[in-house]
$ cat entry17.txt   # compact mmCIF, C-alpha atoms
# COMPACT_ATOMS: atom_id res chain seq x y z
CA MET A 1 51.87 -15.96 74.05
CA ALA A 2 50.52 -13.04 76.05
CA ARG A 3 53.92 -11.32 75.88
CA MET A 4 54.16 -11.86 72.12
CA ALA A 5 50.59 -10.67 71.63
CA GLN A 6 51.38 -7.23 73.03
CA ALA A 7 53.24 -6.39 69.82
CA ALA A 8 50.03 -6.84 67.79
CA GLY A 9 48.62 -3.55 69.03
CA GLY A 10 45.15 -5.05 69.42
CA GLU A 11 43.34 -8.05 70.85
CA VAL A 12 44.70 -11.55 70.21
CA GLY A 13 43.01 -14.90 70.60
CA VAL A 14 44.71 -18.28 70.26
CA LEU A 15 43.84 -21.91 70.59
CA ALA A 16 46.21 -24.72 69.65
CA ARG A 17 45.44 -28.39 70.18
CA HIS A 18 47.59 -31.45 69.61
CA LEU A 19 45.16 -33.51 67.56
CA GLU A 20 46.27 -36.91 68.78
CA SER A 21 46.70 -36.23 72.52
CA GLY A 22 44.34 -33.31 73.12
CA LEU A 23 47.10 -31.21 74.73
CA THR A 24 45.88 -27.62 74.47
CA LEU A 25 47.31 -24.10 74.70
CA SER A 26 44.89 -21.17 74.73
CA MET A 27 44.51 -17.45 75.24
CA ASN A 28 41.23 -15.53 74.85
CA ASP A 29 39.94 -18.59 72.99
CA ASN A 30 36.27 -17.93 73.78
CA GLU A 31 36.40 -14.33 72.55
CA ALA A 32 34.61 -13.62 69.25
CA PHE A 33 36.81 -12.28 66.44
CA PRO A 34 35.93 -11.19 62.88
CA MET A 35 36.64 -14.24 60.74
CA ALA A 36 37.43 -12.28 57.59
CA SER A 37 38.38 -14.90 54.98
CA THR A 38 38.84 -17.75 57.44
CA PHE A 39 35.08 -18.31 57.06
CA LYS A 40 35.92 -19.81 53.65
CA VAL A 41 36.90 -23.03 55.41
CA ALA A 42 33.29 -23.42 56.52
CA VAL A 43 32.00 -22.58 53.03
CA ALA A 44 34.24 -25.24 51.49
CA GLY A 45 33.14 -27.76 54.10
CA THR A 46 29.45 -27.11 53.46
CA VAL A 47 29.81 -27.51 49.70
CA LEU A 48 31.89 -30.67 50.08
CA ALA A 49 29.33 -32.15 52.47
CA GLN A 50 26.80 -31.71 49.65
CA VAL A 51 29.21 -33.49 47.31
CA ASP A 52 29.29 -36.36 49.80
CA GLN A 53 25.48 -36.42 49.75
CA GLY A 54 25.40 -36.58 45.95
CA GLN A 55 23.81 -33.14 45.58
CA LEU A 56 26.87 -31.64 43.88
CA ALA A 57 29.85 -32.99 41.93
CA LEU A 58 33.43 -31.75 41.93
CA ASP A 59 33.60 -31.73 38.13
CA GLN A 60 30.34 -29.88 37.49
CA LEU A 61 30.73 -26.49 35.83
CA ILE A 62 29.41 -23.47 37.72
CA ALA A 63 28.73 -20.18 35.96
CA VAL A 64 30.17 -17.06 37.57
CA ASP A 65 27.46 -14.41 37.73
CA PRO A 66 28.90 -10.87 37.32
CA ARG A 67 27.16 -9.82 40.55
CA HIS A 68 29.47 -12.17 42.43
CA VAL A 69 32.68 -10.57 41.15
CA LEU A 70 34.76 -8.88 43.86
CA SER A 71 38.40 -7.79 43.75
CA SER A 72 41.01 -10.32 44.85
CA GLU A 73 43.45 -12.73 43.31
CA GLY A 74 41.80 -15.33 41.12
CA ILE A 75 38.78 -14.87 38.87
CA ALA A 76 38.38 -11.09 39.16
CA GLU A 77 42.07 -10.58 38.45
CA ILE A 78 42.38 -12.97 35.49
CA PHE A 79 38.97 -12.71 33.80
CA PRO A 80 37.74 -9.10 33.55
CA PHE A 81 34.78 -9.89 31.29
CA PRO A 82 31.52 -11.83 31.83
CA GLY A 83 31.26 -15.38 30.54
CA VAL A 84 33.30 -17.40 33.05
CA SER A 85 32.48 -20.91 34.24
CA ALA A 86 34.64 -23.13 36.44
CA SER A 87 34.34 -26.55 37.99
CA LEU A 88 33.33 -26.80 41.62
CA HIS A 89 36.76 -28.24 42.40
CA ASN A 90 38.56 -25.30 40.77
CA LEU A 91 36.38 -22.80 42.62
CA ILE A 92 37.27 -24.43 45.94
CA GLU A 93 40.95 -24.46 45.00
CA SER A 94 40.94 -20.78 44.08
CA MET A 95 38.97 -19.82 47.20
CA LEU A 96 41.32 -21.61 49.59
CA THR A 97 44.70 -21.13 47.91
CA ARG A 98 44.27 -17.51 46.76
CA SER A 99 41.38 -16.41 48.98
CA ASP A 100 39.42 -15.69 45.78
CA ASN A 101 36.47 -13.50 46.83
CA THR A 102 34.56 -14.09 43.62
CA ALA A 103 34.82 -17.86 43.91
CA THR A 104 33.68 -17.55 47.53
CA ASN A 105 30.58 -15.59 46.57
CA VAL A 106 29.69 -18.22 43.99
CA LEU A 107 30.25 -21.09 46.42
CA THR A 108 28.39 -19.43 49.30
CA GLU A 109 25.31 -19.12 47.13
CA LEU A 110 25.75 -22.66 45.82
CA ALA A 111 25.92 -23.93 49.41
CA GLY A 112 22.50 -22.43 50.07
CA GLY A 113 23.61 -19.10 51.47
CA PRO A 114 25.29 -18.04 54.71
CA ALA A 115 22.53 -19.56 56.87
CA ALA A 116 23.14 -22.99 55.31
CA VAL A 117 26.86 -22.72 56.09
CA THR A 118 26.11 -21.82 59.72
CA SER A 119 23.65 -24.72 59.92
CA TRP A 120 26.27 -27.19 58.69
CA VAL A 121 28.76 -25.94 61.28
CA LYS A 122 26.18 -26.25 64.07
CA LEU A 123 25.20 -29.72 62.86
CA LEU A 124 28.77 -30.75 63.63
CA GLY A 125 28.39 -29.47 67.18
CA VAL A 126 30.51 -26.36 66.61
CA GLU A 127 29.24 -23.38 68.61
CA GLY A 128 30.67 -19.87 68.62
CA MET A 129 30.85 -19.48 64.84
CA ARG A 130 28.34 -17.67 62.65
CA ILE A 131 28.35 -16.95 58.95
CA ASP A 132 26.08 -14.05 58.00
CA GLY A 133 27.32 -12.99 54.58
CA ASP A 134 29.46 -13.78 51.59
CA THR A 135 32.53 -11.67 50.83
CA ASN A 136 30.34 -8.99 49.25
CA GLY A 137 28.45 -8.78 52.52
CA ILE A 138 31.54 -8.68 54.73
CA VAL A 139 33.44 -6.14 52.62
CA GLY A 140 30.27 -4.10 52.13
CA ARG A 141 29.64 -3.98 55.87
CA PHE A 142 33.22 -2.94 56.61
CA TYR A 143 33.15 -0.10 54.09
CA GLY A 144 29.52 0.87 54.62
CA LEU A 145 28.41 -0.22 51.15
CA SER A 146 24.98 -1.57 50.29
CA ALA A 147 23.93 -4.03 47.60
CA ALA A 148 20.84 -1.85 47.19
CA ASN A 149 23.11 0.77 45.58
CA GLY A 150 24.33 -1.58 42.85
CA SER A 151 27.39 -3.74 42.49
CA VAL A 152 29.54 -3.87 45.61
CA GLN A 153 32.56 -4.19 43.32
CA ALA A 154 31.64 -0.98 41.47
CA GLN A 155 31.02 0.92 44.70
CA LEU A 156 34.28 -0.32 46.18
CA THR A 157 36.25 0.64 43.08
CA GLN A 158 34.74 4.11 43.09
CA MET A 159 35.36 4.61 46.80
CA LEU A 160 38.97 3.42 46.68
CA ALA A 161 39.67 5.67 43.72
CA ALA A 162 38.53 8.67 45.72
CA ASN A 163 39.90 7.78 49.16
CA SER A 164 42.46 5.59 50.85
CA PRO A 165 41.10 2.31 52.26
CA LEU A 166 39.80 2.28 55.81
CA GLU A 167 42.41 1.12 58.28
CA SER A 168 39.87 0.28 60.99
CA ASN A 169 36.17 0.24 61.72
CA ALA A 170 35.20 0.05 65.39
CA ALA A 171 31.58 -0.84 64.67
CA PHE A 172 32.69 -3.70 62.41
CA ASP A 173 35.11 -5.01 65.04
CA ASP A 174 32.34 -5.13 67.66
CA ASP A 175 29.69 -6.61 65.34
CA ALA A 176 28.74 -10.19 66.22
CA ARG A 177 28.11 -11.05 62.57
CA ASP A 178 30.64 -13.20 60.69
CA THR A 179 32.66 -13.95 63.81
CA ALA A 180 34.21 -17.02 65.38
CA THR A 181 36.03 -17.87 68.56
CA PRO A 182 39.45 -19.50 68.18
CA ARG A 183 37.95 -22.49 70.03
CA SER A 184 35.16 -22.91 67.47
CA MET A 185 37.53 -22.77 64.50
CA VAL A 186 39.91 -25.30 66.04
CA LEU A 187 36.97 -27.62 66.74
CA LEU A 188 35.79 -27.35 63.13
CA LEU A 189 39.26 -28.00 61.73
CA SER A 190 39.78 -30.86 64.17
CA LYS A 191 36.58 -32.56 63.04
CA ILE A 192 37.58 -32.16 59.39
CA ALA A 193 41.11 -33.46 59.98
CA ALA A 194 39.93 -36.38 62.11
CA GLY A 195 37.37 -37.50 59.51
CA HIS A 196 34.28 -36.60 61.55
CA ALA A 197 32.89 -33.95 59.19
CA LEU A 198 33.48 -35.11 55.62
CA SER A 199 34.29 -38.23 53.66
CA PRO A 200 38.04 -38.97 53.38
CA GLY A 201 38.02 -37.84 49.75
CA SER A 202 36.29 -34.53 50.51
CA ALA A 203 38.53 -33.88 53.51
CA ASP A 204 41.54 -34.44 51.24
CA VAL A 205 40.16 -31.88 48.76
CA LEU A 206 39.72 -29.24 51.46
CA LEU A 207 42.97 -29.86 53.31
CA GLY A 208 44.89 -30.31 50.06
CA SER A 209 43.85 -26.85 48.91
CA MET A 210 44.77 -25.39 52.31
CA GLU A 211 48.22 -26.95 52.00
CA ARG A 212 48.69 -25.01 48.75
CA CYS A 213 47.60 -21.69 50.31
CA ILE A 214 49.84 -18.82 49.18
CA THR A 215 48.28 -15.87 51.04
CA GLY A 216 49.89 -16.29 54.46
CA LEU A 217 53.48 -17.30 53.99
CA LYS A 218 54.58 -14.91 56.76
CA ARG A 219 51.94 -16.00 59.26
CA LEU A 220 51.68 -19.55 60.66
CA ARG A 221 54.40 -20.68 58.25
CA GLY A 222 56.64 -17.65 58.78
CA GLN A 223 59.04 -18.96 61.45
CA LEU A 224 58.50 -22.72 61.28
CA PRO A 225 61.39 -24.93 60.13
CA PRO A 226 61.64 -25.00 56.32
CA GLY A 227 59.59 -27.80 54.83
CA THR A 228 57.17 -28.07 57.75
CA PRO A 229 53.82 -29.22 56.29
CA VAL A 230 51.16 -26.57 56.96
CA LYS A 231 47.55 -26.44 55.78
CA ASP A 232 46.14 -22.99 56.50
CA LYS A 233 43.63 -20.28 55.63
CA THR A 234 44.21 -16.60 56.27
CA GLY A 235 41.84 -13.70 56.83
CA THR A 236 42.54 -9.97 56.65
CA ILE A 237 40.40 -6.85 56.81
CA GLY A 238 41.03 -3.52 58.52
CA GLY A 239 42.68 -4.14 61.89
CA THR A 240 42.08 -7.88 61.61
CA ALA A 241 44.72 -10.43 60.64
CA ASN A 242 44.10 -14.16 61.13
CA ASP A 243 45.54 -17.52 60.24
CA VAL A 244 44.08 -20.93 61.05
CA GLY A 245 45.21 -24.38 60.10
CA LEU A 246 46.96 -27.67 60.71
CA ILE A 247 50.70 -28.05 61.39
CA THR A 248 52.38 -31.44 61.07
CA LEU A 249 55.11 -32.14 63.62
CA PRO A 250 58.22 -34.08 62.54
CA ASN A 251 59.13 -37.66 63.43
CA ASP A 252 55.51 -38.86 63.61
CA ARG A 253 54.77 -36.70 66.63
CA GLY A 254 51.33 -35.78 65.41
CA HIS A 255 49.50 -32.68 64.29
CA VAL A 256 48.65 -29.32 65.82
CA VAL A 257 45.38 -27.61 64.96
CA ILE A 258 45.76 -23.87 65.57
CA ALA A 259 43.80 -20.64 65.22
CA VAL A 260 45.38 -17.22 65.78
CA TYR A 261 43.04 -14.23 65.52
CA ILE A 262 43.92 -10.55 65.84
CA LYS A 263 41.39 -7.72 65.90
CA LYS A 264 41.33 -3.97 66.60
CA SER A 265 45.01 -3.67 65.75
CA THR A 266 46.63 -0.32 65.05
CA LYS A 267 49.88 -1.90 63.84
CA PRO A 268 50.96 -2.40 60.21
CA LEU A 269 50.01 -5.76 58.72
CA GLU A 270 53.65 -6.90 58.68
CA GLU A 271 53.85 -6.53 62.47
CA ARG A 272 50.62 -8.45 62.99
CA GLU A 273 51.88 -11.22 60.73
CA HIS A 274 55.10 -11.35 62.75
CA VAL A 275 53.09 -11.88 65.94
CA ILE A 276 51.18 -14.76 64.35
CA ALA A 277 54.46 -16.32 63.21
CA GLU A 278 56.04 -15.97 66.66
CA ILE A 279 53.06 -17.52 68.39
CA ALA A 280 52.96 -20.38 65.88
CA ARG A 281 56.65 -21.14 66.40
CA SER A 282 56.25 -21.02 70.17
CA VAL A 283 53.33 -23.44 69.96
CA TYR A 284 55.26 -25.69 67.58
CA ASP A 285 58.27 -25.90 69.87
CA TYR A 286 56.15 -26.55 72.97
CA MET A 287 54.06 -29.26 71.29
CA LEU A 288 57.16 -30.89 69.83
CA ILE A 289 58.82 -31.15 73.26
CA GLU A 290 55.67 -32.32 75.02
CA SER A 291 54.77 -34.90 72.37
CA ALA A 292 58.22 -36.49 72.72
CA GLY A 293 57.33 -37.77 76.18
CA ARG A 294 53.89 -39.09 75.29
$ encode --input "entry17.txt" --output "structure tokens"
Amino acid sequence: MARMAQAAGGEVGVLARHLESGLTLSMNDNEAFPMASTFKVAVAGTVLAQVDQGQLALDQLIAVDPRHVLSSEGIAEIFPFPGVSASLHNLIESMLTRSDNTATNVLTELAGGPAAVTSWVKLLGVEGMRIDGDTNGIVGRFYGLSAANGSVQAQLTQMLAANSPLESNAAFDDDARDTATPRSMVLLLSKIAAGHALSPGSADVLLGSMERCITGLKRLRGQLPPGTPVKDKTGTIGGTANDVGLITLPNDRGHVVIAVYIKKSTKPLEEREHVIAEIARSVYDYMLIESAGR
């Protein structure tokens, strides 16, 4: 993994754990990395925990406030005008399958804000992960935008029209806010997959949406055998490229929970994605061989 990571042109952190046996592979797994959109797993988990408690319902309609709109696939792309409402279930689906920033902003507020998401994660015993903002906050911090100056979406549109997007931001990369260690993300996903975080129905909602994710087809999934079941969530901003998820091994050999994080990279996104794919395939092959003798 260390040899493969050199091609990323930045810092790489990995943790992969065979869910059933506990067999683990790791590299820089206690290093903090910007989560980018992988934090949306924690947002979905927090909201679904409230569904389990009867505080929310999957079929309830949630209004999309215009202040939550931020460019990405999903709501902002399809519905350019105010007056949108969607069910909680559809917002989760859009957030996890398309990394919908607008849906994420709505759900983060519905969850009780970033602090409530961090509290839910800590309640599960997951340390090394902190959620400090919604997507407006994360994108705003990367580009130096402030909600005090009006809509983050409007500021971002104006800035991108005048300049090319930032390729990197050293201060953002070193900021402790909205970061996770690969170890913390694998622990969170492991608890969800093993049924220790949510009800079976809510876990199925979250993992089902992750299985339909379309944003990272060249990352964890990129070099795995065709048809390999993968449930994942990507994250990308500046020099960061991430993918986290659950890989199912063939022939009832179990599941691998994996988090691959890259930060401070100077390489094109395609090269970073290739590194993630290579590491995932290496982990897959190793776990497949090892699980055969267990």
$ closest_residue --input "entry17.txt" --among "A:Arg141, A:Leu188, A:His89, A:Val51" --to "Thr118 (chain A)" --atoms "all atoms listed in the file"
A:Leu188
$ residues_around --input "entry17.txt" --residues "Gly254 (chain A)" --least-positions-apart "3" --cutoff "12 Å" --atoms "all atoms listed in the file" --output "PyMOL selection string"
chain A and resi 17-23+193-194+229+246-251+257+284+287-292+294
$ write_last_selection --input "entry17.txt" --atoms "C-alpha atoms" --output "PDB file, keeping the file's coordinate frame"
ATOM      1  CA  ARG A  17      45.440 -28.390  70.180  1.00  0.00           C
ATOM      2  CA  HIS A  18      47.590 -31.450  69.610  1.00  0.00           C
ATOM      3  CA  LEU A  19      45.160 -33.510  67.560  1.00  0.00           C
ATOM      4  CA  GLU A  20      46.270 -36.910  68.780  1.00  0.00           C
ATOM      5  CA  SER A  21      46.700 -36.230  72.520  1.00  0.00           C
ATOM      6  CA  GLY A  22      44.340 -33.310  73.120  1.00  0.00           C
ATOM      7  CA  LEU A  23      47.100 -31.210  74.730  1.00  0.00           C
ATOM      8  CA  ALA A 193      41.110 -33.460  59.980  1.00  0.00           C
ATOM      9  CA  ALA A 194      39.930 -36.380  62.110  1.00  0.00           C
ATOM     10  CA  PRO A 229      53.820 -29.220  56.290  1.00  0.00           C
ATOM     11  CA  LEU A 246      46.960 -27.670  60.710  1.00  0.00           C
ATOM     12  CA  ILE A 247      50.700 -28.050  61.390  1.00  0.00           C
ATOM     13  CA  THR A 248      52.380 -31.440  61.070  1.00  0.00           C
ATOM     14  CA  LEU A 249      55.110 -32.140  63.620  1.00  0.00           C
ATOM     15  CA  PRO A 250      58.220 -34.080  62.540  1.00  0.00           C
ATOM     16  CA  ASN A 251      59.130 -37.660  63.430  1.00  0.00           C
ATOM     17  CA  VAL A 257      45.380 -27.610  64.960  1.00  0.00           C
ATOM     18  CA  TYR A 284      55.260 -25.690  67.580  1.00  0.00           C
ATOM     19  CA  MET A 287      54.060 -29.260  71.290  1.00  0.00           C
ATOM     20  CA  LEU A 288      57.160 -30.890  69.830  1.00  0.00           C
ATOM     21  CA  ILE A 289      58.820 -31.150  73.260  1.00  0.00           C
ATOM     22  CA  GLU A 290      55.670 -32.320  75.020  1.00  0.00           C
ATOM     23  CA  SER A 291      54.770 -34.900  72.370  1.00  0.00           C
ATOM     24  CA  ALA A 292      58.220 -36.490  72.720  1.00  0.00           C
ATOM     25  CA  ARG A 294      53.890 -39.090  75.290  1.00  0.00           C
TER      26      ARG A 294
END
$ residues_around --input "entry17.txt" --residues "Phe33 (chain A)" --least-positions-apart "3" --cutoff "8 Å" --atoms "all atoms listed in the file" --output "PyMOL selection string"
chain A and resi 13+173+179-182+261-263
$ write_last_selection --input "entry17.txt" --atoms "C-alpha atoms" --output "short mmCIF file (atom, residue, chain, number, x, y, z; two decimals), in the coordinates of the input"
data_model
loop_
_atom_site.label_atom_id
_atom_site.label_comp_id
_atom_site.auth_asym_id
_atom_site.auth_seq_id
_atom_site.Cartn_x
_atom_site.Cartn_y
_atom_site.Cartn_z
CA GLY A 13 43.01 -14.90 70.60
CA ASP A 173 35.11 -5.01 65.04
CA THR A 179 32.66 -13.95 63.81
CA ALA A 180 34.21 -17.02 65.38
CA THR A 181 36.03 -17.87 68.56
CA PRO A 182 39.45 -19.50 68.18
CA TYR A 261 43.04 -14.23 65.52
CA ILE A 262 43.92 -10.55 65.84
CA LYS A 263 41.39 -7.72 65.90
#
$ closest_residue --input "entry17.txt" --among "A:Glu109, A:Leu88, A:Trp120, A:Glu73" --to "Leu198 (chain A)" --atoms "all atoms listed in the file"
A:Trp120
$ closest_residue --input "entry17.txt" --among "A:Ala5, A:Leu217, A:Ala197, A:Leu48" --to "Ile279 (chain A)" --atoms "all atoms listed in the file"
A:Ala5
$ residues_around --input "entry17.txt" --residues "Ser151 (chain A)" --least-positions-apart "2" --cutoff "12 Å" --atoms "all atoms listed in the file" --output "number ranges by chain"
A: 65-71, 136-137, 140, 145-149, 153-158
$ decode --input "entry17.txt" --residues "region 235-260 of chain A" --atoms "N, CA and C atoms" --output "mmCIF file, in the first residue's frame"
data_model
loop_
_atom_site.group_PDB
_atom_site.id
_atom_site.type_symbol
_atom_site.label_atom_id
_atom_site.label_comp_id
_atom_site.auth_asym_id
_atom_site.auth_seq_id
_atom_site.Cartn_x
_atom_site.Cartn_y
_atom_site.Cartn_z
ATOM 1 N N GLY A 235 -15.638 11.379 -1.259
ATOM 2 C CA GLY A 235 -15.454 12.760 -0.823
ATOM 3 C C GLY A 235 -14.338 13.378 -1.639
ATOM 4 N N THR A 236 -14.564 14.603 -2.129
ATOM 5 C CA THR A 236 -13.569 15.263 -2.979
ATOM 6 C C THR A 236 -13.604 16.759 -2.745
ATOM 7 N N ILE A 237 -12.455 17.350 -2.490
ATOM 8 C CA ILE A 237 -12.329 18.807 -2.476
ATOM 9 C C ILE A 237 -10.845 19.155 -2.542
ATOM 10 N N GLY A 238 -10.481 20.067 -3.423
ATOM 11 C CA GLY A 238 -9.082 20.452 -3.550
ATOM 12 C C GLY A 238 -8.182 19.258 -3.788
ATOM 13 N N GLY A 239 -7.154 19.113 -2.951
ATOM 14 C CA GLY A 239 -6.216 17.999 -3.069
ATOM 15 C C GLY A 239 -6.665 16.747 -2.353
ATOM 16 N N THR A 240 -7.918 16.736 -1.916
ATOM 17 C CA THR A 240 -8.470 15.581 -1.197
ATOM 18 C C THR A 240 -9.308 14.723 -2.122
ATOM 19 N N ALA A 241 -9.124 13.406 -2.011
ATOM 20 C CA ALA A 241 -9.985 12.435 -2.694
ATOM 21 C C ALA A 241 -10.119 11.231 -1.772
ATOM 22 N N ASN A 242 -11.345 10.859 -1.438
ATOM 23 C CA ASN A 242 -11.596 9.793 -0.473
ATOM 24 C C ASN A 242 -12.625 8.813 -1.005
ATOM 25 N N ASP A 243 -12.613 7.624 -0.447
ATOM 26 C CA ASP A 243 -13.715 6.688 -0.644
ATOM 27 C C ASP A 243 -13.730 5.745 0.552
ATOM 28 N N VAL A 244 -14.920 5.546 1.098
ATOM 29 C CA VAL A 244 -15.081 4.679 2.263
ATOM 30 C C VAL A 244 -16.274 3.767 2.015
ATOM 31 N N GLY A 245 -16.214 2.547 2.563
ATOM 32 C CA GLY A 245 -17.367 1.696 2.332
ATOM 33 C C GLY A 245 -17.185 0.261 2.769
ATOM 34 N N LEU A 246 -18.034 -0.577 2.206
ATOM 35 C CA LEU A 246 -18.129 -1.991 2.563
ATOM 36 C C LEU A 246 -18.070 -2.820 1.284
ATOM 37 N N ILE A 247 -17.106 -3.740 1.222
ATOM 38 C CA ILE A 247 -16.929 -4.618 0.068
ATOM 39 C C ILE A 247 -17.311 -6.035 0.487
ATOM 40 N N THR A 248 -18.144 -6.683 -0.312
ATOM 41 C CA THR A 248 -18.532 -8.066 -0.031
ATOM 42 C C THR A 248 -17.637 -9.024 -0.813
ATOM 43 N N LEU A 249 -16.994 -9.936 -0.099
ATOM 44 C CA LEU A 249 -16.152 -10.936 -0.743
ATOM 45 C C LEU A 249 -17.016 -12.072 -1.291
ATOM 46 N N PRO A 250 -16.546 -12.763 -2.331
ATOM 47 C CA PRO A 250 -17.347 -13.856 -2.918
ATOM 48 C C PRO A 250 -17.310 -15.121 -2.058
ATOM 49 N N ASN A 251 -18.196 -16.044 -2.374
ATOM 50 C CA ASN A 251 -18.205 -17.375 -1.768
ATOM 51 C C ASN A 251 -18.353 -17.340 -0.245
ATOM 52 N N ASP A 252 -19.167 -16.387 0.228
ATOM 53 C CA ASP A 252 -19.464 -16.283 1.666
ATOM 54 C C ASP A 252 -18.211 -16.113 2.516
ATOM 55 N N ARG A 253 -17.251 -15.375 1.985
ATOM 56 C CA ARG A 253 -16.008 -15.153 2.745
ATOM 57 C C ARG A 253 -16.033 -13.857 3.545
ATOM 58 N N GLY A 254 -17.192 -13.246 3.645
ATOM 59 C CA GLY A 254 -17.332 -12.117 4.541
ATOM 60 C C GLY A 254 -17.296 -10.768 3.861
ATOM 61 N N HIS A 255 -17.040 -9.752 4.680
ATOM 62 C CA HIS A 255 -17.102 -8.364 4.225
ATOM 63 C C HIS A 255 -15.867 -7.603 4.687
ATOM 64 N N VAL A 256 -15.451 -6.649 3.892
ATOM 65 C CA VAL A 256 -14.318 -5.793 4.230
ATOM 66 C C VAL A 256 -14.811 -4.358 4.357
ATOM 67 N N VAL A 257 -14.602 -3.778 5.524
ATOM 68 C CA VAL A 257 -14.895 -2.364 5.728
ATOM 69 C C VAL A 257 -13.601 -1.604 5.469
ATOM 70 N N ILE A 258 -13.652 -0.585 4.630
ATOM 71 C CA ILE A 258 -12.421 0.075 4.191
ATOM 72 C C ILE A 258 -12.612 1.583 4.095
ATOM 73 N N ALA A 259 -11.552 2.306 4.453
ATOM 74 C CA ALA A 259 -11.521 3.761 4.270
ATOM 75 C C ALA A 259 -10.172 4.122 3.662
ATOM 76 N N VAL A 260 -10.203 4.804 2.525
ATOM 77 C CA VAL A 260 -8.978 5.294 1.883
ATOM 78 C C VAL A 260 -9.104 6.809 1.757
#
